[in-house]
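The block underneath contains the structure these notes are about, expressed in structure tokens.
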Amino acid sequence: MNRYDHLKNARSLTLRLFSEKDDAGGYCNVGNTKKVLDAMISWLSENLSC
């Protein structure tokens, strides 16, 4: 069982792994903040009705 199996009430789940190839790798921090924020904003605009 992985950690995502515990999310029983989630209607959907999106996983995005950022890596050195994306110039966004980092152990505890995101290396490319703009790329990550752009991905988050894109996901929000696609999945939320405002």
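Please note that chains go A, B, ... in the order of the structure tokens, that every chain numbers its residues from 1, and that ligands are numbered from 1 in the order shown.
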
Residue neighbourhood Asn32 of chain A, 10 Å, only C-alpha atoms, exclusion window fewer than 4 positions, as a list of chain:residue names = A:Phe18, A:Ser19, A:Glu20, A:Asp22, A:Asp23, A:Ala24, A:Gly25, A:Gly26, A:Val36, A:Leu37

For the residues in that selection, give me N, CA, C and O atoms as a CSV table (one decimal), in the first residue's frame.
```csv
chain,number,residue,atom,x,y,z
A,18,PHE,N,8.7,16.8,-10.2
A,18,PHE,CA,9.7,17.7,-10.8
A,18,PHE,C,11.1,17.1,-10.6
A,18,PHE,O,11.4,16.6,-9.5
A,19,SER,N,11.9,17.2,-11.6
A,19,SER,CA,13.2,16.6,-11.5
A,19,SER,C,14.3,17.6,-11.9
A,19,SER,O,14.1,18.7,-12.3
A,20,GLU,N,15.5,17.1,-11.9
A,20,GLU,CA,16.7,17.9,-12.4
A,20,GLU,C,16.5,18.2,-13.9
A,20,GLU,O,16.8,19.2,-14.4
A,22,ASP,N,13.8,18.9,-15.4
A,22,ASP,CA,12.9,20.1,-15.4
A,22,ASP,C,13.6,21.3,-14.9
A,22,ASP,O,13.0,22.4,-14.8
A,23,ASP,N,14.8,21.1,-14.4
A,23,ASP,CA,15.5,22.2,-13.7
A,23,ASP,C,14.8,22.6,-12.5
A,23,ASP,O,14.7,23.7,-12.1
A,24,ALA,N,14.1,21.6,-11.8
A,24,ALA,CA,13.3,21.8,-10.7
A,24,ALA,C,13.6,20.8,-9.6
A,24,ALA,O,12.8,20.6,-8.7
A,25,GLY,N,14.7,20.1,-9.6
A,25,GLY,CA,15.0,19.1,-8.6
A,25,GLY,C,15.4,19.8,-7.3
A,25,GLY,O,15.9,20.9,-7.3
A,26,GLY,N,15.2,19.1,-6.3
A,26,GLY,CA,15.6,19.6,-5.0
A,26,GLY,C,15.2,18.6,-3.9
A,26,GLY,O,14.2,17.9,-4.1
A,36,VAL,N,7.0,25.3,-11.0
A,36,VAL,CA,6.1,24.7,-10.1
A,36,VAL,C,4.8,25.5,-10.0
A,36,VAL,O,3.7,25.0,-10.0
A,37,LEU,N,4.9,26.8,-9.7
A,37,LEU,CA,3.8,27.7,-9.6
A,37,LEU,C,2.9,27.7,-10.9
A,37,LEU,O,1.7,27.7,-10.8
```

In Å, rounded to a single decimal, give me how far atom CA of Trp43 of chain A is from atom CA of Arg16 of chain A.
->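 According to the coordinates, atom CA of Arg16 of chain A and atom CA of Trp43 of chain A are separated by 10.4 Å.
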
Two-atom distance - atom CA of Met1 of chain A, atom CA of Asn47 of chain A (Å) = 26.9 Å

Go through A:Leu15, A:Tyr4, A:Asn9, A:Lys21 and flag the residue nearest Met40 of chain A, using only C-alpha atoms for the distances.
->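 Nearest to Met40 of chain A: A:Leu15.
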